[in-house]
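Enquirer: Take this structure, written in structure tokens, and hold onto it; I'll ask about it next.
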Amino acid sequence: MMTSRSSDPLELPNTECDVVTVPARQGLEAVDILRRGAGDAVGPVLHDDGCDTLGFLVPPGTAAGWDVPGSTCTDTDGCGLSVVPTASAEGREWLLPPGEVEPATDPAVLREALDEAQRLIEAADGCA
């Protein structure tokens with residue numbers, strides 16, 4: 001993901017966030033769980049062109065304490081990130097664009113959704 005302090009079209013001034021990256025299958029399950037929950041609990045979500053991963057925008061500082069197995073949280077160092085709905089970084093598109101959802105996903109809520117998603121995936125795979 002592009003994270004520069006320049007006038008990059010994928011950067012919005014004063015937008016700070018970290019990015020939690022998860023495998024696409026778990027991420028899509030988590031998005032579904034979050035969207036079914038009470039209120040608008042999910043913020044912008046990016047997916048890569050190969051549909052291998054999803055990236056959830058979370059509040060800055062989340063990376064310092066993120067410890068969910070199977071995922072990573074990248075600290076953008078306050079450099080901002082693409083939050084322009086019509087723009088996408090090369091190889092990435094918005095699954096849930098900014099402006100249509102909350103500004104960022106609450107890390108605690110995301111953690112719960114990812115845990116539930118993993119349990120659902122394991123249950124589904126166990127039935128095969």
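Residue names in the structure tokens use chain letters A, B, ... in the order shown, residue numbers from 1 in each chain, and ligand numbers from 1 in the order shown.
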Considering only strand (DSSP E or B) as DSSP defines it on the backbone, what residues of region 24-114 of chain A qualify? List them as a list in words.
Expert: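 Checking each residue of region 24-114 of chain A, the strand (DSSP E or B) ones are Val45, Leu46, His47, Asp48, Thr53, Leu54, Gly55, Phe56, Leu57, Val58, Thr72, Cys73, Thr74, Asp75, Arg92, Glu93, Trp94, Leu95 and Leu96 of chain A.
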Enquirer: Atoms to include: N, CA and C atoms. Write the selected residues as a PDB file, in the first residue's frame.
Expert:
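Writing the result to out-v1.pdb gives the following:
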ATOM      1  N   VAL A  45     -12.249  -1.340   3.797  1.00  0.00           N
ATOM      2  CA  VAL A  45     -11.534  -2.604   3.630  1.00  0.00           C
ATOM      3  C   VAL A  45     -10.998  -2.664   2.206  1.00  0.00           C
ATOM      4  N   LEU A  46      -9.715  -2.989   2.093  1.00  0.00           N
ATOM      5  CA  LEU A  46      -9.055  -3.172   0.792  1.00  0.00           C
ATOM      6  C   LEU A  46      -8.911  -4.657   0.500  1.00  0.00           C
ATOM      7  N   HIS A  47      -8.961  -5.018  -0.790  1.00  0.00           N
ATOM      8  CA  HIS A  47      -8.600  -6.387  -1.171  1.00  0.00           C
ATOM      9  C   HIS A  47      -7.601  -6.302  -2.303  1.00  0.00           C
ATOM     10  N   ASP A  48      -6.755  -7.315  -2.397  1.00  0.00           N
ATOM     11  CA  ASP A  48      -5.773  -7.315  -3.477  1.00  0.00           C
ATOM     12  C   ASP A  48      -6.396  -7.934  -4.722  1.00  0.00           C
ATOM     13  N   THR A  53      -5.689 -11.471   0.087  1.00  0.00           N
ATOM     14  CA  THR A  53      -5.743 -10.820   1.390  1.00  0.00           C
ATOM     15  C   THR A  53      -6.752  -9.681   1.399  1.00  0.00           C
ATOM     16  N   LEU A  54      -7.190  -9.348   2.613  1.00  0.00           N
ATOM     17  CA  LEU A  54      -8.009  -8.165   2.847  1.00  0.00           C
ATOM     18  C   LEU A  54      -7.280  -7.309   3.869  1.00  0.00           C
ATOM     19  N   GLY A  55      -7.420  -6.003   3.747  1.00  0.00           N
ATOM     20  CA  GLY A  55      -6.807  -5.078   4.685  1.00  0.00           C
ATOM     21  C   GLY A  55      -7.868  -4.202   5.325  1.00  0.00           C
ATOM     22  N   PHE A  56      -7.988  -4.280   6.647  1.00  0.00           N
ATOM     23  CA  PHE A  56      -8.944  -3.482   7.412  1.00  0.00           C
ATOM     24  C   PHE A  56      -8.240  -2.244   7.937  1.00  0.00           C
ATOM     25  N   LEU A  57      -8.790  -1.067   7.680  1.00  0.00           N
ATOM     26  CA  LEU A  57      -8.237   0.147   8.264  1.00  0.00           C
ATOM     27  C   LEU A  57      -8.692   0.241   9.717  1.00  0.00           C
ATOM     28  N   VAL A  58      -7.720   0.419  10.608  1.00  0.00           N
ATOM     29  CA  VAL A  58      -7.974   0.502  12.045  1.00  0.00           C
ATOM     30  C   VAL A  58      -7.307   1.769  12.574  1.00  0.00           C
ATOM     31  N   THR A  72      -1.575  -9.711  10.310  1.00  0.00           N
ATOM     32  CA  THR A  72      -0.527  -8.741  10.622  1.00  0.00           C
ATOM     33  C   THR A  72      -1.167  -7.373  10.713  1.00  0.00           C
ATOM     34  N   CYS A  73      -0.574  -6.506  11.498  1.00  0.00           N
ATOM     35  CA  CYS A  73      -1.039  -5.128  11.580  1.00  0.00           C
ATOM     36  C   CYS A  73       0.153  -4.239  11.290  1.00  0.00           C
ATOM     37  N   THR A  74       0.017  -3.410  10.284  1.00  0.00           N
ATOM     38  CA  THR A  74       1.086  -2.534   9.844  1.00  0.00           C
ATOM     39  C   THR A  74       0.848  -1.126  10.353  1.00  0.00           C
ATOM     40  N   ASP A  75       1.860  -0.589  10.987  1.00  0.00           N
ATOM     41  CA  ASP A  75       1.840   0.788  11.473  1.00  0.00           C
ATOM     42  C   ASP A  75       2.218   1.685  10.298  1.00  0.00           C
ATOM     43  N   ARG A  92      -4.664  -3.251  -5.813  1.00  0.00           N
ATOM     44  CA  ARG A  92      -5.606  -3.233  -4.690  1.00  0.00           C
ATOM     45  C   ARG A  92      -6.855  -2.435  -5.073  1.00  0.00           C
ATOM     46  N   GLU A  93      -7.973  -2.869  -4.553  1.00  0.00           N
ATOM     47  CA  GLU A  93      -9.253  -2.196  -4.773  1.00  0.00           C
ATOM     48  C   GLU A  93      -9.980  -2.117  -3.447  1.00  0.00           C
ATOM     49  N   TRP A  94     -10.943  -1.218  -3.365  1.00  0.00           N
ATOM     50  CA  TRP A  94     -11.760  -1.117  -2.156  1.00  0.00           C
ATOM     51  C   TRP A  94     -12.863  -2.155  -2.193  1.00  0.00           C
ATOM     52  N   LEU A  95     -12.968  -2.964  -1.152  1.00  0.00           N
ATOM     53  CA  LEU A  95     -14.119  -3.836  -0.964  1.00  0.00           C
ATOM     54  C   LEU A  95     -15.228  -3.010  -0.323  1.00  0.00           C
ATOM     55  N   LEU A  96     -14.865  -2.263   0.714  1.00  0.00           N
ATOM     56  CA  LEU A  96     -15.769  -1.304   1.356  1.00  0.00           C
ATOM     57  C   LEU A  96     -15.064   0.041   1.323  1.00  0.00           C
TER      58      LEU A  96
END
Enquirer: Taking only C-alpha atoms into account, name the residue in A:Val42, A:Cys51, A:Ala30, A:Ala124 that is nearest to Glu112 (chain A).
Expert: A:Ala30
Enquirer: From the list A:Val101, A:Ala117, A:Cys17, A:Ala108, which residue is nearest Asp77 (chain A) when using only C-alpha atoms?
Expert: A:Cys17
Enquirer: What's the separation between CA of Leu34 (chain A) and CA of Leu110 (chain A), in Å to one decimal place?
Expert: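 About the pair CA of Leu34 (chain A) and CA of Leu110 (chain A): they are 7.7 Å apart.
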Enquirer: Here is a test: counting only C-alpha atoms, which residue of A:Asp49, A:Asp106, A:Asp115, A:Asp67 is nearest to Glu29 (chain A)?
Expert: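 Using only C-alpha atoms, Glu29 (chain A) sits closest to A:Asp115.
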Enquirer: Work out how far apart CA of Asp18 (chain A) and CA of Ala63 (chain A) are and give it in Å to one decimal.
Expert: 6.5 Å
Enquirer: Enter the distance from CA of Gln118 (chain A) to CA of Gly70 (chain A), in Å, rounded to one decimal.
Expert: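 Interatomic distance here is 9.6 Å.
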Enquirer: So, with only C-alpha atoms as the atoms that count, which of A:Glu122, A:Pro107, A:Thr21, A:Val31 lies closest to Gly65 (chain A)?
Expert: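 Nearest candidate to Gly65 (chain A) out of A:Glu122, A:Pro107, A:Thr21, A:Val31: A:Pro107.
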